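**Student:** One file: upload06.pdb (PDB, C-alpha atoms).
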```
ATOM      1  CA  MET A 261      48.336 -79.231 -39.536
ATOM      2  CA  ARG A 262      51.619 -77.997 -41.028
ATOM      3  CA  LEU A 263      54.552 -80.009 -39.710
ATOM      4  CA  SER A 264      57.916 -78.328 -39.188
ATOM      5  CA  ASP A 265      60.865 -79.012 -41.487
ATOM      6  CA  GLU A 266      62.520 -80.887 -38.610
ATOM      7  CA  GLU A 267      59.478 -83.140 -38.079
ATOM      8  CA  LEU A 268      59.257 -83.870 -41.806
ATOM      9  CA  GLY A 269      62.984 -84.601 -42.017
ATOM     10  CA  SER A 270      62.705 -87.038 -39.111
ATOM     11  CA  LEU A 271      59.725 -88.830 -40.661
ATOM     12  CA  LEU A 272      61.429 -88.954 -44.059
ATOM     13  CA  VAL A 273      64.438 -90.905 -42.790
ATOM     14  CA  ASP A 274      62.667 -92.986 -40.101
ATOM     15  CA  LEU A 275      62.202 -96.158 -42.105
ATOM     16  CA  GLU A 276      60.381 -97.917 -39.261
ATOM     17  CA  SER A 277      57.676 -95.288 -38.805
ATOM     18  CA  ASP A 278      54.094 -96.259 -39.514
ATOM     19  CA  ARG A 279      53.331 -92.533 -39.902
ATOM     20  CA  ALA A 280      55.226 -92.108 -43.201
ATOM     21  CA  GLU A 281      55.131 -93.479 -46.732
ATOM     22  CA  ARG A 282      57.620 -92.677 -49.502
ATOM     23  CA  LYS A 283      57.223 -92.856 -53.266
ATOM     24  CA  GLU A 284      59.810 -91.862 -55.874
ATOM     25  CA  SER A 285      57.113 -90.678 -58.292
ATOM     26  CA  PHE A 286      53.374 -90.612 -58.883
ATOM     27  CA  LYS A 287      53.443 -92.997 -61.853
ATOM     28  CA  GLY A 288      52.744 -96.690 -62.404
ATOM     29  CA  ASP A 289      50.996 -98.221 -59.392
ATOM     30  CA  ALA A 290      51.978 -95.278 -57.141
ATOM     31  CA  PRO A 291      48.624 -93.415 -57.449
ATOM     32  CA  ASP A 292      46.794 -96.478 -56.122
ATOM     33  CA  LYS A 293      49.392 -97.119 -53.388
ATOM     34  CA  VAL A 294      49.347 -93.459 -52.315
ATOM     35  CA  ARG A 295      45.553 -93.537 -51.976
ATOM     36  CA  GLN A 296      45.817 -96.704 -49.876
ATOM     37  CA  ALA A 297      48.410 -94.991 -47.670
ATOM     38  CA  VAL A 298      46.225 -91.882 -47.253
ATOM     39  CA  CYS A 299      43.338 -94.130 -46.226
ATOM     40  CA  ALA A 300      45.497 -96.051 -43.752
ATOM     41  CA  LEU A 301      46.984 -92.891 -42.239
ATOM     42  CA  ALA A 302      43.494 -91.430 -41.809
ATOM     43  CA  ASN A 303      42.411 -94.604 -39.987
ATOM     44  CA  ASP A 304      45.295 -94.234 -37.465
ATOM     45  CA  LEU A 305      44.891 -97.747 -36.035
ATOM     46  CA  PRO A 306      47.993 -97.404 -33.803
ATOM     47  CA  GLY A 307      46.288 -94.405 -32.154
ATOM     48  CA  HIS A 308      49.084 -91.867 -32.636
ATOM     49  CA  ARG A 309      46.539 -89.025 -32.888
ATOM     50  CA  ARG A 310      49.135 -87.199 -34.955
ATOM     51  CA  ALA A 311      49.417 -86.460 -38.645
ATOM     52  CA  GLY A 312      50.861 -89.011 -41.021
ATOM     53  CA  VAL A 313      52.789 -88.071 -44.153
ATOM     54  CA  VAL A 314      53.168 -89.356 -47.709
ATOM     55  CA  PHE A 315      56.322 -88.111 -49.449
ATOM     56  CA  ILE A 316      56.409 -88.051 -53.246
ATOM     57  CA  GLY A 317      59.936 -87.702 -54.612
ATOM     58  CA  ALA A 318      61.821 -89.804 -52.044
ATOM     59  CA  ARG A 319      63.205 -93.335 -52.095
ATOM     60  CA  ASP A 320      61.420 -95.825 -49.875
ATOM     61  CA  VAL A 321      64.597 -97.741 -49.038
ATOM     62  CA  ASP A 322      66.452 -94.846 -47.386
ATOM     63  CA  GLY A 323      64.200 -91.776 -47.500
ATOM     64  CA  GLN A 324      66.574 -89.800 -49.689
ATOM     65  CA  PRO A 325      64.992 -87.246 -52.063
ATOM     66  CA  VAL A 326      65.385 -88.189 -55.726
ATOM     67  CA  GLY A 327      65.107 -84.745 -57.318
ATOM     68  CA  LEU A 328      61.652 -85.276 -58.826
ATOM     69  CA  PRO A 329      60.321 -82.025 -60.336
ATOM     70  CA  ILE A 330      57.446 -80.942 -58.069
ATOM     71  CA  THR A 331      55.138 -79.279 -60.584
ATOM     72  CA  ASP A 332      51.775 -77.602 -60.154
ATOM     73  CA  GLU A 333      50.267 -80.461 -62.168
ATOM     74  CA  LEU A 334      51.671 -83.028 -59.720
ATOM     75  CA  LEU A 335      50.405 -81.060 -56.712
ATOM     76  CA  ARG A 336      46.922 -80.779 -58.286
ATOM     77  CA  SER A 337      46.865 -84.530 -58.956
ATOM     78  CA  LEU A 338      47.784 -85.222 -55.350
ATOM     79  CA  ALA A 339      45.184 -82.775 -54.029
ATOM     80  CA  ASP A 340      42.509 -84.487 -56.160
ATOM     81  CA  ILE A 341      42.980 -87.617 -54.024
ATOM     82  CA  ARG A 342      40.867 -85.980 -51.326
ATOM     83  CA  SER A 343      37.815 -85.311 -53.449
ATOM     84  CA  ASP A 344      37.870 -87.807 -56.333
ATOM     85  CA  GLY A 345      35.281 -89.962 -54.549
ATOM     86  CA  ASN A 346      37.484 -93.017 -54.055
ATOM     87  CA  ILE A 347      38.224 -92.375 -50.368
ATOM     88  CA  GLN A 348      35.164 -92.163 -48.130
ATOM     89  CA  PRO A 349      34.623 -90.297 -45.927
ATOM     90  CA  MET A 350      36.887 -87.604 -47.387
ATOM     91  CA  PRO A 351      40.174 -87.450 -45.500
ATOM     92  CA  SER A 352      41.422 -84.290 -43.838
ATOM     93  CA  MET A 353      44.660 -83.689 -45.715
ATOM     94  CA  SER A 354      46.871 -81.017 -47.242
ATOM     95  CA  VAL A 355      49.292 -81.108 -50.161
ATOM     96  CA  GLU A 356      52.335 -78.899 -50.477
ATOM     97  CA  LYS A 357      55.785 -78.588 -51.966
ATOM     98  CA  ARG A 358      58.472 -78.585 -49.281
ATOM     99  CA  THR A 359      62.254 -78.421 -49.367
ATOM    100  CA  ILE A 360      63.769 -81.162 -47.237
ATOM    101  CA  CYS A 361      67.463 -82.019 -47.163
ATOM    102  CA  GLY A 362      67.944 -79.287 -49.760
ATOM    103  CA  THR A 363      65.629 -80.943 -52.297
ATOM    104  CA  ASP A 364      61.971 -80.340 -53.171
ATOM    105  CA  VAL A 365      59.469 -83.083 -52.390
ATOM    106  CA  ALA A 366      55.676 -83.197 -52.458
ATOM    107  CA  VAL A 367      54.186 -83.745 -49.017
ATOM    108  CA  ILE A 368      50.684 -85.035 -48.299
ATOM    109  CA  THR A 369      49.855 -84.503 -44.628
ATOM    110  CA  VAL A 370      46.938 -86.635 -43.419
ATOM    111  CA  LEU A 371      45.124 -86.103 -40.119
ATOM    112  CA  PRO A 372      43.524 -88.997 -38.251
ATOM    113  CA  ALA A 373      39.821 -89.342 -39.075
ATOM    114  CA  ASP A 374      37.264 -88.284 -36.495
ATOM    115  CA  ALA A 375      35.032 -91.235 -37.391
ATOM    116  CA  PRO A 376      36.947 -94.182 -38.866
ATOM    117  CA  PRO A 377      36.892 -96.408 -40.747
ATOM    118  CA  VAL A 378      37.955 -94.555 -43.846
ATOM    119  CA  ARG A 379      37.743 -96.698 -46.978
ATOM    120  CA  TYR A 380      39.431 -96.604 -50.379
ATOM    121  CA  LYS A 381      37.216 -98.129 -53.082
ATOM    122  CA  GLY A 382      35.170 -99.767 -50.337
ATOM    123  CA  ARG A 383      38.138-101.377 -48.560
ATOM    124  CA  THR A 384      39.604-100.361 -45.227
ATOM    125  CA  TYR A 385      43.401 -99.970 -45.093
ATOM    126  CA  ILE A 386      45.478 -99.823 -41.932
ATOM    127  CA  ARG A 387      49.159 -99.461 -41.114
ATOM    128  CA  THR A 388      50.876-101.358 -38.344
ATOM    129  CA  CYS A 389      54.521-101.738 -37.464
ATOM    130  CA  LEU A 390      55.499-105.295 -36.638
ATOM    131  CA  LEU A 391      57.952-105.613 -33.767
ATOM    132  CA  TYR A 392      59.835-108.512 -35.294
ATOM    133  CA  THR A 393      60.573-106.754 -38.573
ATOM    134  CA  SER A 394      62.385-103.577 -39.443
ATOM    135  CA  ARG A 395      59.703-102.503 -41.907
ATOM    136  CA  CYS A 396      56.156-101.320 -41.472
ATOM    137  CA  VAL A 397      53.403-103.030 -43.420
TER     138      VAL A 397
END
```
Step by step, read the file and then write its structure as structure tokens.
**Tutor:**
Amino acid sequence: MRLSDEELGSLLVDLESDRAERKESFKGDAPDKVRQAVCALANDLPGHRRAGVVFIGARDVDGQPVGLPITDELLRSLADIRSDGNIQPMPSMSVEKRTICGTDVAVITVLPADAPPVRYKGRTYIRTCLLYTSRCV
């Protein structure tokens, strides 16, 4: 399930990809949005059959790392997403600290679910990339 540094770097800067989500931190509404993204990546509606990634410590507008300290506490909080009971069935995911573009970021790698739909707090989330926009929704 581990993606190469090159694959992660490509996903980080590909702002049109529906396989990647970026958050500068894990504060404010980010924990809820990250869980929604994990759910959507696990559902893999576009049928990529490849891992999706959530980056913590990178700007959404351009994918550039922001220099967020990637602490053990942050990594534990991210890993708890899998088993805190809010996402059912539990997603197949890993959490790790990676150095991309010379800066540390937290990376959540999510595999497509064997039996979707995966739900967060009872709701199903999906990701699609609209052809007439430059952003994925």
**Student:** Might you pull out every residue within 8 Å of Val378 of chain A, with all atoms listed in the file counted and same-chain residues fewer than 3 positions away left off, and present them as a PyMOL selection string?
**Tutor:** chain A and resi 299-300+302-303+347-351+373+375+384-385
**Student:** Include C-alpha atoms and write out the residues we just selected as a PDB file, keeping the file's coordinate frame.
**Tutor:**
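Contents of the output file result-v4.pdb:
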```
ATOM      1  CA  CYS A 299      43.338 -94.130 -46.226  1.00  0.00           C
ATOM      2  CA  ALA A 300      45.497 -96.051 -43.752  1.00  0.00           C
ATOM      3  CA  ALA A 302      43.494 -91.430 -41.809  1.00  0.00           C
ATOM      4  CA  ASN A 303      42.411 -94.604 -39.987  1.00  0.00           C
ATOM      5  CA  ILE A 347      38.224 -92.375 -50.368  1.00  0.00           C
ATOM      6  CA  GLN A 348      35.164 -92.163 -48.130  1.00  0.00           C
ATOM      7  CA  PRO A 349      34.623 -90.297 -45.927  1.00  0.00           C
ATOM      8  CA  MET A 350      36.887 -87.604 -47.387  1.00  0.00           C
ATOM      9  CA  PRO A 351      40.174 -87.450 -45.500  1.00  0.00           C
ATOM     10  CA  ALA A 373      39.821 -89.342 -39.075  1.00  0.00           C
ATOM     11  CA  ALA A 375      35.032 -91.235 -37.391  1.00  0.00           C
ATOM     12  CA  THR A 384      39.604-100.361 -45.227  1.00  0.00           C
ATOM     13  CA  TYR A 385      43.401 -99.970 -45.093  1.00  0.00           C
TER      14      TYR A 385
END
```
**Student:** Once the PyMOL selection byres ((chain A and resi 387) around 12) is applied to the coordinates I shared, what remains selected? I want it as number ranges by chain.
**Tutor:** A: 276-281, 296-308, 312, 384-386, 388-390, 395-397
**Student:** Find the nearest atom pair between each residue of segment 271-294 of chain A and segment 324-328 of chain A for residues within 9 Å, count all atoms listed in the file, give distances in Å to one decimal, sort rows by chain and ascending number, and present the table as a tab-separated table.
**Tutor:**
```
residue	atom	partner	partner_atom	distance
A:Leu272	CA	A:Gln324	CA	7.7
A:Val273	CA	A:Gln324	CA	7.3
A:Glu284	CA	A:Val326	CA	6.7
A:Ser285	CA	A:Leu328	CA	7.1
```
**Student:** Could you spell out the hits of the PyMOL selection byres ((chain A and resi 335) around 10) on the shown file, as an mmCIF file with C-alpha atoms, keeping the file's coordinate frame?
**Tutor:**
```
data_model
loop_
_atom_site.group_PDB
_atom_site.id
_atom_site.type_symbol
_atom_site.label_atom_id
_atom_site.label_comp_id
_atom_site.auth_asym_id
_atom_site.auth_seq_id
_atom_site.Cartn_x
_atom_site.Cartn_y
_atom_site.Cartn_z
ATOM 1 C CA ILE A 316 56.409 -88.051 -53.246
ATOM 2 C CA ILE A 330 57.446 -80.942 -58.069
ATOM 3 C CA THR A 331 55.138 -79.279 -60.584
ATOM 4 C CA ASP A 332 51.775 -77.602 -60.154
ATOM 5 C CA GLU A 333 50.267 -80.461 -62.168
ATOM 6 C CA LEU A 334 51.671 -83.028 -59.720
ATOM 7 C CA ARG A 336 46.922 -80.779 -58.286
ATOM 8 C CA SER A 337 46.865 -84.530 -58.956
ATOM 9 C CA LEU A 338 47.784 -85.222 -55.350
ATOM 10 C CA ALA A 339 45.184 -82.775 -54.029
ATOM 11 C CA ASP A 340 42.509 -84.487 -56.160
ATOM 12 C CA VAL A 355 49.292 -81.108 -50.161
ATOM 13 C CA GLU A 356 52.335 -78.899 -50.477
ATOM 14 C CA LYS A 357 55.785 -78.588 -51.966
ATOM 15 C CA ALA A 366 55.676 -83.197 -52.458
ATOM 16 C CA VAL A 367 54.186 -83.745 -49.017
ATOM 17 C CA ILE A 368 50.684 -85.035 -48.299
#
```
**Student:** For Pro376 of chain A, which of A:Asp322, A:Ile360, A:Ser352, A:Arg262 is the closest residue, counting only C-alpha atoms?
**Tutor:** A:Ser352
**Student:** Please compute the atom CA of Val313 of chain A-atom CA of Asp364 of chain A distance, one decimal, in Å.
**Tutor:**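 Interatomic distance here is 15.0 Å.
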**Student:** Just checking: using all atoms listed in the file, which residue out of A:Arg358, A:Arg342, A:Asp374, A:Val294 ends up closest to Arg309 of chain A?
**Tutor:**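 Selected residue with least distance to Arg309 of chain A: A:Asp374.
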**Student:** Calculate how many Å separate atom CA of Arg295 of chain A from atom CA of Val370 of chain A, rounding to one decimal.
**Tutor:**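 Computing the Euclidean distance for atom CA of Arg295 of chain A and atom CA of Val370 of chain A yields 11.1 Å.
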**Student:** Enter the distance from atom CA of Thr369 of chain A to atom CA of Leu275 of chain A, in Å, rounded to one decimal.
**Tutor:** 17.2 Å
**Student:** Could the centre and edge lengths of an axis-aligned box, enclosing all atoms of segment 347-365 of chain A in the file with 8 Å extra on each side, be given in Å to one decimal as lines of an AutoDock Vina configuration file?
**Tutor:**
```
center_x = 51.3
center_y = -85.4
center_z = -48.5
size_x = 49.3
size_y = 30.0
size_z = 25.3
```
